[in-house]
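Peer 1: Provided below: input_27.cif, containing mmCIF, C-alpha atoms and all ligand atoms.
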data_work
#
loop_
_atom_site.group_PDB
_atom_site.id
_atom_site.type_symbol
_atom_site.label_atom_id
_atom_site.label_comp_id
_atom_site.auth_asym_id
_atom_site.auth_seq_id
_atom_site.Cartn_x
_atom_site.Cartn_y
_atom_site.Cartn_z
ATOM 1 C CA MET A 1 72.268 141.182 158.988
ATOM 2 C CA ASP A 2 73.263 143.854 156.503
ATOM 3 C CA TYR A 3 71.187 143.442 153.346
ATOM 4 C CA SER A 4 72.538 146.554 151.648
ATOM 5 C CA ASN A 5 75.199 144.471 149.885
ATOM 6 C CA ALA A 6 75.315 141.049 148.264
ATOM 7 C CA VAL A 7 75.114 138.285 150.897
ATOM 8 C CA PRO A 8 77.149 135.083 150.453
ATOM 9 C CA VAL A 9 75.083 131.961 151.176
ATOM 10 C CA THR A 10 78.057 129.732 150.363
ATOM 11 C CA ARG A 11 81.438 130.592 148.869
ATOM 12 C CA GLU A 12 79.879 130.230 145.416
ATOM 13 C CA ILE A 13 76.241 131.257 145.906
ATOM 14 C CA TYR A 14 75.250 134.879 146.551
ATOM 15 C CA TRP A 15 71.925 136.538 147.386
ATOM 16 C CA VAL A 16 71.677 139.733 145.319
ATOM 17 C CA GLY A 17 68.122 140.789 146.219
ATOM 18 C CA PHE A 18 66.466 144.017 147.227
ATOM 19 C CA TYR A 19 65.420 144.318 150.892
ATOM 20 C CA ASP A 20 62.409 146.619 150.988
ATOM 21 C CA GLU A 21 61.601 146.935 154.703
ATOM 22 C CA ALA A 22 57.986 147.939 154.041
ATOM 23 C CA ALA A 23 57.277 145.040 151.672
ATOM 24 C CA ARG A 24 55.776 141.711 152.701
ATOM 25 C CA LEU A 25 57.146 139.982 149.627
ATOM 26 C CA HIS A 26 60.906 140.040 149.160
ATOM 27 C CA CYS A 27 62.459 138.707 145.999
ATOM 28 C CA ASN A 28 65.619 136.624 146.034
ATOM 29 C CA PRO A 29 67.748 136.609 142.895
ATOM 30 C CA TYR A 30 70.887 134.472 143.267
ATOM 31 C CA LEU A 31 74.274 134.256 141.590
ATOM 32 C CA LEU A 32 76.058 130.928 141.249
ATOM 33 C CA VAL A 33 79.729 131.599 140.610
ATOM 34 C CA ASP A 34 81.535 128.640 139.071
ATOM 35 C CA GLU A 35 85.088 128.424 137.705
ATOM 36 C CA GLN A 36 84.377 129.679 134.179
ATOM 37 C CA ASP A 37 80.651 130.314 134.264
ATOM 38 C CA VAL A 38 78.426 132.598 136.296
ATOM 39 C CA VAL A 39 74.753 131.683 136.469
ATOM 40 C CA PHE A 40 72.163 134.306 137.402
ATOM 41 C CA ILE A 41 69.002 132.712 138.796
ATOM 42 C CA ASP A 42 65.592 134.474 138.721
ATOM 43 C CA PRO A 43 67.128 137.931 138.108
ATOM 44 C CA GLY A 44 64.083 139.880 139.292
ATOM 45 C CA SER A 45 61.966 142.850 138.338
ATOM 46 C CA ILE A 46 62.401 146.219 136.659
ATOM 47 C CA PRO A 47 61.866 148.312 139.851
ATOM 48 C CA HIS A 48 64.508 146.258 141.683
ATOM 49 C CA PHE A 49 66.945 146.234 138.776
ATOM 50 C CA PRO A 50 69.288 149.088 139.886
ATOM 51 C CA VAL A 51 69.824 147.569 143.340
ATOM 52 C CA ILE A 52 70.138 144.018 142.060
ATOM 53 C CA MET A 53 72.651 144.936 139.366
ATOM 54 C CA ARG A 54 74.744 146.956 141.817
ATOM 55 C CA LYS A 55 74.954 143.867 144.053
ATOM 56 C CA VAL A 56 75.779 141.627 141.095
ATOM 57 C CA MET A 57 78.654 143.989 140.289
ATOM 58 C CA GLU A 58 79.996 143.623 143.839
ATOM 59 C CA VAL A 59 80.487 139.922 143.117
ATOM 60 C CA VAL A 60 81.293 139.650 139.404
ATOM 61 C CA ASN A 61 81.677 141.667 136.256
ATOM 62 C CA PRO A 62 78.254 141.255 134.549
ATOM 63 C CA GLU A 63 80.068 140.217 131.360
ATOM 64 C CA GLN A 64 81.115 137.038 133.193
ATOM 65 C CA ILE A 65 77.478 135.888 133.357
ATOM 66 C CA THR A 66 77.003 133.114 130.813
ATOM 67 C CA TYR A 67 73.519 131.844 131.741
ATOM 68 C CA VAL A 68 70.397 133.416 133.188
ATOM 69 C CA ILE A 69 67.852 130.916 134.517
ATOM 70 C CA ALA A 70 64.205 132.015 134.520
ATOM 71 C CA GLN A 71 62.456 129.382 136.617
ATOM 72 C CA HIS A 72 59.104 130.762 135.485
ATOM 73 C CA GLN A 73 57.986 133.875 133.650
ATOM 74 C CA ASP A 74 56.474 136.078 136.376
ATOM 75 C CA PRO A 75 57.445 139.797 136.392
ATOM 76 C CA ASP A 76 59.045 139.475 139.855
ATOM 77 C CA VAL A 77 61.141 136.527 138.625
ATOM 78 C CA CYS A 78 62.491 137.875 135.346
ATOM 79 C CA GLY A 79 60.679 141.052 134.265
ATOM 80 C CA ASN A 80 64.096 142.711 133.971
ATOM 81 C CA LEU A 81 65.518 140.201 131.444
ATOM 82 C CA ALA A 82 65.721 142.686 128.576
ATOM 83 C CA VAL A 83 67.812 145.161 130.584
ATOM 84 C CA VAL A 84 69.821 142.385 132.256
ATOM 85 C CA GLU A 85 70.888 140.979 128.887
ATOM 86 C CA ASP A 86 71.866 144.492 127.750
ATOM 87 C CA VAL A 87 74.136 144.965 130.763
ATOM 88 C CA ILE A 88 75.636 141.470 130.412
ATOM 89 C CA ASN A 89 76.260 142.282 126.752
ATOM 90 C CA ARG A 90 77.476 138.854 125.589
ATOM 91 C CA HIS A 91 76.508 137.417 122.219
ATOM 92 C CA ASP A 92 76.681 133.890 123.673
ATOM 93 C CA LEU A 93 74.452 134.534 126.714
ATOM 94 C CA GLN A 94 71.740 131.880 127.044
ATOM 95 C CA ILE A 95 68.394 132.206 128.814
ATOM 96 C CA VAL A 96 67.585 128.894 130.479
ATOM 97 C CA ALA A 97 63.918 127.957 130.944
ATOM 98 C CA HIS A 98 61.364 125.260 130.217
ATOM 99 C CA SER A 99 59.798 125.428 126.749
ATOM 100 C CA ASN A 100 56.364 126.125 128.294
ATOM 101 C CA CYS A 101 57.953 129.216 129.816
ATOM 102 C CA ILE A 102 60.033 130.166 126.747
ATOM 103 C CA ARG A 103 56.822 130.377 124.679
ATOM 104 C CA LEU A 104 55.823 133.296 126.930
ATOM 105 C CA LEU A 105 59.301 134.800 127.440
ATOM 106 C CA ARG A 106 59.534 135.378 123.669
ATOM 107 C CA HIS A 107 57.090 138.252 124.204
ATOM 108 C CA LEU A 108 59.744 140.142 126.170
ATOM 109 C CA GLY A 109 61.595 140.709 122.890
ATOM 110 C CA LEU A 110 64.932 139.307 124.039
ATOM 111 C CA ARG A 111 67.914 138.940 121.708
ATOM 112 C CA SER A 112 69.718 136.132 123.563
ATOM 113 C CA ALA A 113 69.355 132.463 122.656
ATOM 114 C CA PHE A 114 67.076 130.261 124.735
ATOM 115 C CA TYR A 115 68.232 127.013 126.323
ATOM 116 C CA ALA A 116 65.162 124.830 126.738
ATOM 117 C CA THR A 117 65.719 122.557 129.719
ATOM 118 C CA ASP A 118 63.304 119.917 128.411
ATOM 119 C CA ALA A 119 65.255 119.741 125.129
ATOM 120 C CA HIS A 120 68.521 119.110 127.019
ATOM 121 C CA ASP A 121 67.631 116.144 129.203
ATOM 122 C CA ASP A 122 66.753 118.559 132.040
ATOM 123 C CA ARG A 123 70.373 119.411 132.709
ATOM 124 C CA LEU A 124 73.071 121.950 131.994
ATOM 125 C CA ILE A 125 76.749 121.077 132.235
ATOM 126 C CA LEU A 126 78.994 124.058 132.933
ATOM 127 C CA LYS A 127 82.508 124.345 131.470
ATOM 128 C CA SER A 128 84.029 122.978 134.692
ATOM 129 C CA GLY A 129 81.865 119.857 134.428
ATOM 130 C CA ARG A 130 79.559 121.096 137.189
ATOM 131 C CA GLU A 131 76.051 119.813 136.616
ATOM 132 C CA LEU A 132 72.808 121.669 137.125
ATOM 133 C CA GLN A 133 69.705 119.484 137.063
ATOM 134 C CA PHE A 134 66.244 120.885 136.389
ATOM 135 C CA LEU A 135 63.124 119.436 137.937
ATOM 136 C CA PHE A 136 59.977 120.283 136.065
ATOM 137 C CA THR A 137 57.358 121.361 138.628
ATOM 138 C CA PRO A 138 54.328 122.154 136.458
ATOM 139 C CA PHE A 139 51.532 124.270 137.995
ATOM 140 C CA LEU A 140 53.676 125.178 141.007
ATOM 141 C CA HIS A 141 52.614 127.710 140.192
ATOM 142 C CA SER A 142 53.230 128.115 136.463
ATOM 143 C CA PRO A 143 52.783 125.475 133.705
ATOM 144 C CA GLY A 144 56.440 126.065 132.789
ATOM 145 C CA ALA A 145 57.887 126.173 136.315
ATOM 146 C CA ILE A 146 61.218 124.485 136.993
ATOM 147 C CA THR A 147 63.493 124.173 139.991
ATOM 148 C CA THR A 148 67.285 123.989 139.707
ATOM 149 C CA TYR A 149 69.525 121.552 141.600
ATOM 150 C CA ASP A 150 73.242 122.281 141.828
ATOM 151 C CA VAL A 151 74.670 118.790 142.288
ATOM 152 C CA LYS A 152 78.018 120.029 143.664
ATOM 153 C CA SER A 153 76.617 122.072 146.555
ATOM 154 C CA LYS A 154 73.373 120.046 146.934
ATOM 155 C CA SER A 155 71.480 123.329 146.665
ATOM 156 C CA LEU A 156 67.957 123.450 145.276
ATOM 157 C CA PHE A 157 66.673 126.740 143.881
ATOM 158 C CA THR A 158 62.899 126.446 144.045
ATOM 159 C CA SER A 159 61.529 129.804 142.789
ATOM 160 C CA ASP A 160 57.996 130.217 144.247
ATOM 161 C CA ILE A 161 57.953 126.832 146.020
ATOM 162 C CA PHE A 162 58.761 127.408 149.725
ATOM 163 C CA ALA A 163 58.072 131.120 149.167
ATOM 164 C CA ALA A 164 57.112 133.067 152.281
ATOM 165 C CA MET A 165 55.632 136.477 153.002
ATOM 166 C CA SER A 166 56.225 138.533 156.152
ATOM 167 C CA VAL A 167 57.259 142.035 157.198
ATOM 168 C CA ASP A 168 60.014 140.723 159.497
ATOM 169 C CA TRP A 169 61.822 138.906 156.695
ATOM 170 C CA ALA A 170 65.257 137.386 157.225
ATOM 171 C CA LEU A 171 67.394 135.565 154.667
ATOM 172 C CA PHE A 172 68.282 132.975 157.305
ATOM 173 C CA PRO A 173 65.216 132.364 159.491
ATOM 174 C CA SER A 174 65.391 132.374 163.287
ATOM 175 C CA GLY A 175 61.775 132.183 164.494
ATOM 176 C CA ASP A 176 58.644 130.709 162.945
ATOM 177 C CA PHE A 177 59.478 130.204 159.282
ATOM 178 C CA LEU A 178 56.565 127.879 158.440
ATOM 179 C CA THR A 179 53.487 130.082 159.034
ATOM 180 C CA PRO A 180 54.792 132.821 156.665
ATOM 181 C CA MET A 181 54.687 130.203 153.867
ATOM 182 C CA ASP A 182 50.978 129.507 154.282
ATOM 183 C CA LEU A 183 49.305 132.500 152.662
ATOM 184 C CA PHE A 184 51.552 132.441 149.608
ATOM 185 C CA HIS A 185 50.999 128.749 148.915
ATOM 186 C CA GLN A 186 47.274 128.907 149.715
ATOM 187 C CA THR A 187 46.944 131.771 147.231
ATOM 188 C CA TYR A 188 49.305 130.827 144.391
ATOM 189 C CA MET A 189 49.550 127.034 144.414
ATOM 190 C CA PRO A 190 46.701 125.156 142.723
ATOM 191 C CA SER A 191 46.078 122.224 145.076
ATOM 192 C CA ASN A 192 47.529 120.175 147.876
ATOM 193 C CA ARG A 193 47.595 117.137 145.598
ATOM 194 C CA ILE A 194 50.054 118.779 143.209
ATOM 195 C CA LEU A 195 52.110 120.368 145.981
ATOM 196 C CA ARG A 196 52.328 117.090 147.931
ATOM 197 C CA HIS A 197 53.493 115.195 144.856
ATOM 198 C CA CYS A 198 56.314 117.729 144.458
ATOM 199 C CA MET A 199 57.261 117.476 148.154
ATOM 200 C CA GLU A 200 57.520 113.694 147.782
ATOM 201 C CA ARG A 201 60.014 114.199 144.958
ATOM 202 C CA PHE A 202 62.041 116.664 147.048
ATOM 203 C CA GLU A 203 62.038 114.226 149.987
ATOM 204 C CA ARG A 204 64.002 111.735 147.926
ATOM 205 C CA MET A 205 66.724 114.262 147.095
ATOM 206 C CA ASP A 206 70.028 114.844 148.858
ATOM 207 C CA LEU A 207 69.568 118.486 149.924
ATOM 208 C CA GLU A 208 71.918 120.765 151.854
ATOM 209 C CA ARG A 209 69.833 123.866 151.296
ATOM 210 C CA ILE A 210 66.718 125.205 149.619
ATOM 211 C CA LEU A 211 66.838 128.694 148.109
ATOM 212 C CA PRO A 212 63.393 130.067 147.255
ATOM 213 C CA GLN A 213 62.659 133.241 145.275
ATOM 214 C CA HIS A 214 60.771 134.717 148.261
ATOM 215 C CA GLY A 215 61.250 134.134 151.977
ATOM 216 C CA SER A 216 64.227 132.463 153.565
ATOM 217 C CA VAL A 217 67.007 130.018 152.758
ATOM 218 C CA LEU A 218 66.289 126.668 154.419
ATOM 219 C CA GLU A 219 69.056 124.432 155.744
ATOM 220 C CA GLY A 220 69.307 121.354 157.978
ATOM 221 C CA ASP A 221 66.160 120.475 159.943
ATOM 222 C CA HIS A 222 64.308 123.380 158.387
ATOM 223 C CA ILE A 223 64.201 121.441 155.103
ATOM 224 C CA THR A 224 62.390 118.395 156.515
ATOM 225 C CA GLN A 225 60.071 120.603 158.568
ATOM 226 C CA ALA A 226 59.141 122.734 155.559
ATOM 227 C CA ILE A 227 58.519 119.694 153.341
ATOM 228 C CA ALA A 228 56.282 118.093 155.985
ATOM 229 C CA HIS A 229 54.438 121.392 156.469
ATOM 230 C CA LEU A 230 53.689 121.948 152.792
ATOM 231 C CA LYS A 231 52.741 118.285 152.277
ATOM 232 C CA ALA A 232 49.846 118.839 154.673
ATOM 233 C CA LEU A 233 48.796 122.338 153.556
ATOM 234 C CA PRO A 234 45.468 122.689 151.729
ATOM 235 C CA CYS A 235 45.777 125.318 149.015
ATOM 236 C CA GLY A 236 44.219 126.707 145.855
ATOM 237 C CA ILE A 237 41.179 124.726 144.775
ATOM 238 C CA ASP A 238 41.109 122.918 148.142
ATOM 239 C CA LEU A 239 40.028 126.207 149.709
ATOM 240 C CA VAL A 240 37.403 127.096 147.131
ATOM 241 C CA GLU A 241 33.928 126.132 148.258
ATOM 242 C CA GLU A 242 31.950 123.892 145.937
ATOM 243 C CA GLY A 243 29.733 125.783 143.537
ATOM 244 C CA VAL A 244 31.959 128.868 143.391
HETATM 245 FE FE FE B 301 55.456 133.359 140.526
HETATM 246 FE FE FE B 302 57.633 134.919 142.819
#
As structure tokens, please, write out the structure in this file.
Ligand SMILES: [Fe+2]
Ligand SMILES: [Fe+2]
Peer 2:
Amino acid sequence: MDYSNAVPVTREIYWVGFYDEAARLHCNPYLLVDEQDVVFIDPGSIPHFPVIMRKVMEVVNPEQITYVIAQHQDPDVCGNLAVVEDVINRHDLQIVAHSNCIRLLRHLGLRSAFYATDAHDDRLILKSGRELQFLFTPFLHSPGAITTYDVKSKSLFTSDIFAAMSVDWALFPSGDFLTPMDLFHQTYMPSNRILRHCMERFERMDLERILPQHGSVLEGDHITQAIAHLKALPCGIDLVEEGV
């Protein structure tokens, strides 16, 4: 697959990430293009900014972007927010995040307004009536982490949950896509108990696809396999020996 340009995942969802062949950790910013709104999800880091913004511009005029969702505050997720908002250059741009995340994002010195998901019934209704629902996933791995569910396309953007690391990365996985998830979750997720609880919530959802911020897009059987895999994965404190 050619990753040098934006990659459509659906007719309305685009991957606009940077494929660094030497890296084990690839970041996946996404654009959701609706009738009158464009939503930019986990826009990425400063070093990736030139490539990401070039790919955004292949799909839309940046001034069409009305919302940027920061699903948590890590530098790889949204370290480029200050330059992204400058390029978007709209006075009515809103940065969507949980208030536990916004408290930290304020230190980036942004000029756009914040849209706190927890102050808006965990949802955002676009001008077309399209509904985005936010699931608060605290400690996976940030206290302000959210995931975003696009009701229309049944797509769940999960940020670091379902993240994977590997040198032979592919946006749509063909081989073993479960093992590459292990090290990331073992390292960054706090415990199996918290991760399993989240997987049980995802199991009850009507999902067509999962779009994580690292690793691969999961569709069909891959979704149930990944949920079952992470439900059983010890991570974080589970792997720390007593007394350490
Ligand atoms: Fe993160
Ligand atoms: Fe990340």
Peer 1: Between CA of Thr137 (chain A) and CA of Leu233 (chain A), what is the spacing in Å?
Peer 2: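 So the two atoms, CA of Leu233 (chain A) and CA of Thr137 (chain A), lie 17.2 Å apart.
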Peer 1: Can you translate the PyMOL selection byres (((chain A and resi 159) around 8) and not hetatm) into the concrete residues it hits in this file, as a short mmCIF file (atom, residue, chain, number, x, y, z; two decimals) with C-alpha atoms, keeping the file's coordinate frame?
Peer 2:
data_model
loop_
_atom_site.label_atom_id
_atom_site.label_comp_id
_atom_site.auth_asym_id
_atom_site.auth_seq_id
_atom_site.Cartn_x
_atom_site.Cartn_y
_atom_site.Cartn_z
CA ASP A 42 65.59 134.47 138.72
CA GLN A 71 62.46 129.38 136.62
CA HIS A 72 59.10 130.76 135.49
CA VAL A 77 61.14 136.53 138.62
CA ILE A 146 61.22 124.48 136.99
CA THR A 147 63.49 124.17 139.99
CA PHE A 157 66.67 126.74 143.88
CA THR A 158 62.90 126.45 144.04
CA ASP A 160 58.00 130.22 144.25
CA ILE A 161 57.95 126.83 146.02
CA PHE A 162 58.76 127.41 149.72
CA ALA A 163 58.07 131.12 149.17
CA LEU A 211 66.84 128.69 148.11
CA PRO A 212 63.39 130.07 147.26
CA GLN A 213 62.66 133.24 145.28
CA HIS A 214 60.77 134.72 148.26
#
Peer 1: Pro190 (chain A): which residues within 7 Å, counting all atoms listed in the file, same-chain residues fewer than 5 positions away excluded, as a PDB file with C-alpha atoms, keeping the file's coordinate frame?
Peer 2:
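Wrote part-v4.pdb, looks like this:
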ATOM      1  CA  PHE A 139      51.532 124.270 137.995  1.00  0.00           C
ATOM      2  CA  HIS A 141      52.614 127.710 140.192  1.00  0.00           C
ATOM      3  CA  CYS A 235      45.777 125.318 149.015  1.00  0.00           C
ATOM      4  CA  GLY A 236      44.219 126.707 145.855  1.00  0.00           C
ATOM      5  CA  ILE A 237      41.179 124.726 144.775  1.00  0.00           C
TER       6      ILE A 237
END
Peer 1: Work out how far apart CA of Leu140 (chain A) and CA of Val68 (chain A) are and give it in Å to one decimal.
Peer 2: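 CA of Val68 (chain A) lies at a distance of 20.2 Å from CA of Leu140 (chain A).
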Peer 1: Please expand the PyMOL selection byres (((chain A and resi 218) around 9) and not hetatm) into the concrete residues it hits in this file, giving the result as a list of chain:residue names.
Peer 2: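 Selected by the PyMOL selection byres (((chain A and resi 218) around 9) and not hetatm) in this file: A:Phe162, A:Leu171, A:Phe172, A:Pro173, A:Glu208, A:Arg209, A:Ile210, A:Leu211, A:Pro212, A:Ser216, A:Val217, A:Glu219, A:Gly220, A:Asp221, A:His222, A:Ile223, A:Ala226.
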Peer 1: Which residues of region 125-154 of chain A have any atom within 12 Å of an atom in region 89-96 of chain A when counting all atoms listed in the file, and what is the closest pair of atoms for each, with the distance in Å to one decimal? Order the rows by chain and rising number and write it as a tab-separated table.
Peer 2:
residue	atom	partner	partner_atom	distance
A:Leu132	CA	A:Val96	CA	11.1
A:Gln133	CA	A:Val96	CA	11.7
A:Phe134	CA	A:Val96	CA	10.0
A:Gly144	CA	A:Val96	CA	11.7
A:Ala145	CA	A:Val96	CA	11.6
A:Ile146	CA	A:Val96	CA	10.1
A:Thr147	CA	A:Val96	CA	11.4
A:Thr148	CA	A:Val96	CA	10.5
Peer 1: Would you export the selected residues with C-alpha atoms as a PDB file, in the frame of the given file, please?
Peer 2:
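Result written to out.pdb:
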ATOM      1  CA  LEU A 132      72.808 121.669 137.125  1.00  0.00           C
ATOM      2  CA  GLN A 133      69.705 119.484 137.063  1.00  0.00           C
ATOM      3  CA  PHE A 134      66.244 120.885 136.389  1.00  0.00           C
ATOM      4  CA  GLY A 144      56.440 126.065 132.789  1.00  0.00           C
ATOM      5  CA  ALA A 145      57.887 126.173 136.315  1.00  0.00           C
ATOM      6  CA  ILE A 146      61.218 124.485 136.993  1.00  0.00           C
ATOM      7  CA  THR A 147      63.493 124.173 139.991  1.00  0.00           C
ATOM      8  CA  THR A 148      67.285 123.989 139.707  1.00  0.00           C
TER       9      THR A 148
END
Peer 1: Within 10 Å of (70.2, 137.5, 129.5) (coordinates as in the file), grab all the protein and nucleic acid residues, counting all atoms listed in the file, and write them out as a PyMOL selection string.
Peer 2: chain A and resi 40+43+65-70+78+80-96+110-114
Peer 1: Could you state the separation of CA of His197 (chain A) and CA of Ala164 (chain A) in Å, given to one decimal place?
Peer 2: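 Rounded to one decimal, the two atoms are 19.7 Å apart.
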Peer 1: Determine, counting only C-alpha atoms, which protein, DNA and RNA residues have an atom within 8 Å of an atom of region 16-20 of chain A; residues of the same chain fewer than 4 positions away are not included. Present the result as a PDB file with C-alpha atoms, in the frame of the given file.
Peer 2:
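Dumped everything to selection-v7.pdb:
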ATOM      1  CA  TYR A   3      71.187 143.442 153.346  1.00  0.00           C
ATOM      2  CA  SER A   4      72.538 146.554 151.648  1.00  0.00           C
ATOM      3  CA  ASN A   5      75.199 144.471 149.885  1.00  0.00           C
ATOM      4  CA  ALA A   6      75.315 141.049 148.264  1.00  0.00           C
ATOM      5  CA  VAL A   7      75.114 138.285 150.897  1.00  0.00           C
ATOM      6  CA  HIS A  26      60.906 140.040 149.160  1.00  0.00           C
ATOM      7  CA  CYS A  27      62.459 138.707 145.999  1.00  0.00           C
ATOM      8  CA  ASN A  28      65.619 136.624 146.034  1.00  0.00           C
ATOM      9  CA  PRO A  29      67.748 136.609 142.895  1.00  0.00           C
ATOM     10  CA  TYR A  30      70.887 134.472 143.267  1.00  0.00           C
ATOM     11  CA  LEU A  31      74.274 134.256 141.590  1.00  0.00           C
ATOM     12  CA  HIS A  48      64.508 146.258 141.683  1.00  0.00           C
ATOM     13  CA  VAL A  51      69.824 147.569 143.340  1.00  0.00           C
ATOM     14  CA  ILE A  52      70.138 144.018 142.060  1.00  0.00           C
ATOM     15  CA  MET A  53      72.651 144.936 139.366  1.00  0.00           C
ATOM     16  CA  LYS A  55      74.954 143.867 144.053  1.00  0.00           C
ATOM     17  CA  VAL A  56      75.779 141.627 141.095  1.00  0.00           C
TER      18      VAL A  56
END
Peer 1: Between A:Asn61, A:Thr187, A:Ser128, A:Thr179, which residue has the minimum interatomic distance to ligand FE 302 (chain B), considering all atoms listed in the file?
Peer 2: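 Nearest candidate to ligand FE 302 (chain B) out of A:Asn61, A:Thr187, A:Ser128, A:Thr179: A:Thr187.
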Peer 1: Show me, as lines of an AutoDock Vina configuration file, the centre and edge lengths in Å to one decimal of the axis-aligned box that covers every listed atom of region 151-163 of chain A with 4 Å on each side.
Peer 2:
center_x = 68.0
center_y = 125.0
center_z = 146.0
size_x = 28.1
size_y = 20.3
size_z = 15.4
Peer 1: From the list A:Val60, A:Leu25, A:Leu239, A:Leu126, which residue is nearest ligand FE 301 (chain B) when using all atoms listed in the file?
Peer 2: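 Among A:Val60, A:Leu25, A:Leu239, A:Leu126, it is A:Leu25 that comes nearest to ligand FE 301 (chain B).
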Peer 1: With distances taken over only C-alpha atoms, which of A:Met165, A:Leu32, A:Leu230, A:Ala116 is nearest to Arg193 (chain A)?
Peer 2: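 Looking at the shortest contact to Arg193 (chain A), the residue is A:Leu230.
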Peer 1: Would you mind telling me which residue in A:Gln186, A:Gln73, A:Ser99, A:Ser174 lies nearest to ligand FE 302 (chain B) when using only C-alpha atoms and all ligand atoms?
Peer 2: A:Gln73
Peer 1: Find the residue from A:Gly175, A:Gly129, A:Gly109, A:Gly79 that sits nearest to ligand FE 302 (chain B); use all atoms listed in the file when measuring.
Peer 2: A:Gly79
Peer 1: Choose the residue, out of A:Pro8, A:Pro143, A:Gly44, A:Pro180, that has the smallest atom-to-atom separation from Glu58 (chain A); count all atoms listed in the file.
Peer 2: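 So, comparing all the options, the nearest one is A:Pro8.
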Peer 1: For this file, the PyMOL selection byres (((chain A and resi 131) around 12) and not hetatm) selects which residues, as a list of chain:residue names?
Peer 2: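 With the shown file as input, the PyMOL selection byres (((chain A and resi 131) around 12) and not hetatm) matches A:Asp34, A:Asp37, A:Val39, A:Asp121, A:Asp122, A:Arg123, A:Leu124, A:Ile125, A:Leu126, A:Lys127, A:Ser128, A:Gly129, A:Arg130, A:Leu132, A:Gln133, A:Phe134, A:Thr148, A:Tyr149, A:Asp150, A:Val151, A:Lys152, A:Ser153, A:Lys154, A:Ser155.
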